[in-house]
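J.: One structure follows; several queries about it will come next.
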Amino acid sequence: MGKLTVLALRAVLVALLAGSVFVQTVMVPLLAIDMEDLSPDYAYLRTPFLVITVLGVVTAQVVLVCVWRLVTMVWRGTVFSHAAFRYVDIVIGAVVAAAVLTFALAVLLAPGEPVPPGIVLLICGGAVAILGVALVVLVLRMLLAQAVARDVEAAKMQAELEEVI
């Protein structure tokens, strides 16, 4: 991976992390203030909605930090090692958590009339799509496992070849 690509990716990651911190520190409190005007029939939605929002942002932040670490490993040439699995596993867990939070949001909004049923169905579809992302990352983890195994095998063969020579 070239230096320019790594710098561009890191710039994007920094921008996304800064944006997520802005959402947590500025936008969520403003949303909480706006939700104080909810009718008493829907006041029960306020706290769970805000918690789901904050936790959703945290899952995105976890993914961004892990991607940062993996990019660092790629830059150093150490991504094909067992240390990379920890970050990939954390990404998978965070994406699954985001899918669960999205489904929890749909369940929260389903009863009553605050949100039309079609919107709830769309949110459930979003949860399934997020789970699909987790499955794609899982497939990529399997490819990483194969690459690490091949790298170990190649190193073993190289050592045997050096002994022969």
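Residue numbering restarts at 1 in every chain; chains get A, B, ... in the order shown in the structure tokens, and ligands count up from 1 in that same order.
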What's the 10 Å shell around Pro114 in chain A, counting only C-alpha atoms, without same-chain residues fewer than 6 positions away, as a PyMOL selection string?
T.: chain A and resi 41-42+45
J.: Extract, using only C-alpha atoms, all DNA, RNA and protein residues at most 9 Å from Ile123 in chain A, discarding same-chain residues fewer than 4 positions from it, and format them as a VMD selection string.
T.: chain A and resid 102 to 103 105 to 106 118 to 119 127 to 128
J.: Would you put the residues from that selection into a file with N, CA and C atoms, as a PDB file, in the first residue's frame?
T.:
```pdb
ATOM      1  N   THR A 102     -29.548  -1.683  15.637  1.00  0.00           N
ATOM      2  CA  THR A 102     -30.491  -1.261  14.604  1.00  0.00           C
ATOM      3  C   THR A 102     -31.803  -2.027  14.730  1.00  0.00           C
ATOM      4  N   PHE A 103     -31.713  -3.313  14.971  1.00  0.00           N
ATOM      5  CA  PHE A 103     -32.924  -4.101  15.177  1.00  0.00           C
ATOM      6  C   PHE A 103     -33.644  -3.658  16.453  1.00  0.00           C
ATOM      7  N   LEU A 105     -33.696  -0.698  17.644  1.00  0.00           N
ATOM      8  CA  LEU A 105     -34.372   0.540  17.282  1.00  0.00           C
ATOM      9  C   LEU A 105     -35.703   0.238  16.595  1.00  0.00           C
ATOM     10  N   ALA A 106     -35.691  -0.738  15.695  1.00  0.00           N
ATOM     11  CA  ALA A 106     -36.929  -1.121  15.013  1.00  0.00           C
ATOM     12  C   ALA A 106     -37.955  -1.641  16.010  1.00  0.00           C
ATOM     13  N   GLY A 118     -43.928   0.709   7.570  1.00  0.00           N
ATOM     14  CA  GLY A 118     -42.962   0.613   6.472  1.00  0.00           C
ATOM     15  C   GLY A 118     -41.575   1.077   6.879  1.00  0.00           C
ATOM     16  N   ILE A 119     -41.526   2.104   7.699  1.00  0.00           N
ATOM     17  CA  ILE A 119     -40.236   2.610   8.183  1.00  0.00           C
ATOM     18  C   ILE A 119     -39.588   1.577   9.100  1.00  0.00           C
ATOM     19  N   ALA A 127     -30.854  -3.490   9.375  1.00  0.00           N
ATOM     20  CA  ALA A 127     -30.172  -4.400  10.313  1.00  0.00           C
ATOM     21  C   ALA A 127     -29.649  -5.626   9.581  1.00  0.00           C
ATOM     22  N   VAL A 128     -30.442  -6.154   8.649  1.00  0.00           N
ATOM     23  CA  VAL A 128     -29.995  -7.313   7.867  1.00  0.00           C
ATOM     24  C   VAL A 128     -28.808  -6.935   6.984  1.00  0.00           C
TER      25      VAL A 128
END
```
J.: List the neighbours of range 46-56 of chain A out to 12 Å using only C-alpha atoms; skip same-chain residues closer than 4 positions along the sequence, and give me the result as a PyMOL selection string.
T.: chain A and resi 20-42+60-63+94-109+127+130
J.: Next, the residues of the selection above should be written as a short mmCIF file (atom, residue, chain, number, x, y, z; two decimals), in the first residue's frame with N, CA and C atoms.
T.:
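So out-v9.cif came out as:
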```
data_model
loop_
_atom_site.label_atom_id
_atom_site.label_comp_id
_atom_site.auth_asym_id
_atom_site.auth_seq_id
_atom_site.Cartn_x
_atom_site.Cartn_y
_atom_site.Cartn_z
N SER A 20 -17.69 11.69 14.54
CA SER A 20 -18.42 10.86 15.50
C SER A 20 -18.35 11.44 16.91
N VAL A 21 -17.21 12.01 17.27
CA VAL A 21 -17.11 12.67 18.57
C VAL A 21 -18.02 13.90 18.61
N PHE A 22 -18.10 14.62 17.52
CA PHE A 22 -19.01 15.77 17.42
C PHE A 22 -20.46 15.32 17.61
N VAL A 23 -20.82 14.22 16.99
CA VAL A 23 -22.18 13.70 17.14
C VAL A 23 -22.45 13.36 18.61
N GLN A 24 -21.49 12.70 19.25
CA GLN A 24 -21.68 12.31 20.65
C GLN A 24 -21.75 13.50 21.60
N THR A 25 -20.92 14.50 21.36
CA THR A 25 -20.82 15.59 22.32
C THR A 25 -21.76 16.75 22.03
N VAL A 26 -22.16 16.95 20.79
CA VAL A 26 -23.00 18.10 20.43
C VAL A 26 -24.38 17.66 19.96
N MET A 27 -24.41 16.77 18.99
CA MET A 27 -25.69 16.43 18.36
C MET A 27 -26.61 15.63 19.28
N VAL A 28 -26.08 14.66 20.02
CA VAL A 28 -26.93 13.85 20.90
C VAL A 28 -27.54 14.71 22.01
N PRO A 29 -26.78 15.59 22.66
CA PRO A 29 -27.43 16.46 23.65
C PRO A 29 -28.51 17.36 23.02
N LEU A 30 -28.25 17.88 21.82
CA LEU A 30 -29.27 18.69 21.15
C LEU A 30 -30.50 17.86 20.81
N LEU A 31 -30.28 16.62 20.40
CA LEU A 31 -31.39 15.72 20.13
C LEU A 31 -32.19 15.44 21.40
N ALA A 32 -31.48 15.28 22.50
CA ALA A 32 -32.15 15.05 23.79
C ALA A 32 -33.03 16.25 24.16
N ILE A 33 -32.52 17.44 23.92
CA ILE A 33 -33.31 18.65 24.21
C ILE A 33 -34.53 18.71 23.31
N ASP A 34 -34.34 18.41 22.02
CA ASP A 34 -35.46 18.42 21.09
C ASP A 34 -36.52 17.38 21.45
N MET A 35 -36.07 16.26 21.99
CA MET A 35 -37.02 15.18 22.31
C MET A 35 -37.79 15.45 23.61
N GLU A 36 -37.42 16.49 24.34
CA GLU A 36 -38.18 16.85 25.54
C GLU A 36 -39.59 17.31 25.18
N ASP A 37 -39.77 17.75 23.94
CA ASP A 37 -41.07 18.24 23.48
C ASP A 37 -41.98 17.12 23.00
N LEU A 38 -41.55 15.86 23.12
CA LEU A 38 -42.39 14.75 22.70
C LEU A 38 -43.67 14.72 23.54
N SER A 39 -44.72 14.26 22.91
CA SER A 39 -45.97 14.13 23.67
C SER A 39 -45.78 13.06 24.74
N PRO A 40 -46.54 13.14 25.82
CA PRO A 40 -46.38 12.16 26.90
C PRO A 40 -46.60 10.72 26.44
N ASP A 41 -47.36 10.54 25.37
CA ASP A 41 -47.58 9.19 24.85
C ASP A 41 -46.29 8.55 24.33
N TYR A 42 -45.37 9.38 23.87
CA TYR A 42 -44.13 8.87 23.27
C TYR A 42 -42.89 9.21 24.07
N ALA A 60 -19.30 2.42 15.61
CA ALA A 60 -18.58 2.97 14.46
C ALA A 60 -17.17 3.40 14.85
N GLN A 61 -17.03 4.00 16.03
CA GLN A 61 -15.71 4.42 16.48
C GLN A 61 -14.78 3.23 16.69
N VAL A 62 -15.30 2.15 17.22
CA VAL A 62 -14.50 0.94 17.42
C VAL A 62 -14.00 0.42 16.07
N VAL A 63 -14.88 0.40 15.09
CA VAL A 63 -14.48 -0.06 13.75
C VAL A 63 -13.40 0.85 13.18
N ALA A 94 -18.19 -5.53 16.53
CA ALA A 94 -18.79 -4.19 16.52
C ALA A 94 -19.87 -4.08 15.46
N VAL A 95 -19.65 -4.69 14.31
CA VAL A 95 -20.66 -4.63 13.25
C VAL A 95 -21.90 -5.43 13.65
N VAL A 96 -21.70 -6.59 14.26
CA VAL A 96 -22.85 -7.36 14.76
C VAL A 96 -23.59 -6.56 15.83
N ALA A 97 -22.86 -5.89 16.71
CA ALA A 97 -23.50 -5.06 17.74
C ALA A 97 -24.30 -3.94 17.09
N ALA A 98 -23.77 -3.34 16.03
CA ALA A 98 -24.51 -2.29 15.32
C ALA A 98 -25.80 -2.84 14.71
N ALA A 99 -25.74 -4.07 14.19
CA ALA A 99 -26.94 -4.69 13.63
C ALA A 99 -27.98 -4.94 14.72
N VAL A 100 -27.52 -5.41 15.87
CA VAL A 100 -28.44 -5.65 16.99
C VAL A 100 -29.06 -4.33 17.46
N LEU A 101 -28.25 -3.28 17.53
CA LEU A 101 -28.79 -1.97 17.92
C LEU A 101 -29.80 -1.45 16.91
N THR A 102 -29.55 -1.68 15.64
CA THR A 102 -30.49 -1.26 14.60
C THR A 102 -31.80 -2.03 14.73
N PHE A 103 -31.71 -3.31 14.97
CA PHE A 103 -32.92 -4.10 15.18
C PHE A 103 -33.64 -3.66 16.45
N ALA A 104 -32.89 -3.34 17.50
CA ALA A 104 -33.50 -2.85 18.75
C ALA A 104 -34.24 -1.54 18.50
N LEU A 105 -33.70 -0.70 17.64
CA LEU A 105 -34.37 0.54 17.28
C LEU A 105 -35.70 0.24 16.60
N ALA A 106 -35.69 -0.74 15.70
CA ALA A 106 -36.93 -1.12 15.01
C ALA A 106 -37.95 -1.64 16.01
N VAL A 107 -37.52 -2.45 16.95
CA VAL A 107 -38.43 -2.99 17.97
C VAL A 107 -38.96 -1.86 18.84
N LEU A 108 -38.12 -0.90 19.16
CA LEU A 108 -38.54 0.24 19.97
C LEU A 108 -39.61 1.06 19.27
N LEU A 109 -39.46 1.22 17.97
CA LEU A 109 -40.38 2.07 17.22
C LEU A 109 -41.62 1.33 16.71
N ALA A 127 -30.85 -3.49 9.37
CA ALA A 127 -30.17 -4.40 10.31
C ALA A 127 -29.65 -5.63 9.58
N ILE A 130 -26.59 -4.62 7.61
CA ILE A 130 -25.43 -4.49 8.49
C ILE A 130 -24.87 -5.86 8.85
#
```
J.: Using only C-alpha atoms, pick whichever of A:Ala147, A:Leu70, A:Val57, A:Val120 has the shortest atom-to-atom distance to Arg10 in chain A.
T.: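 That would be A:Leu70, the residue with the smallest distance to Arg10 in chain A.
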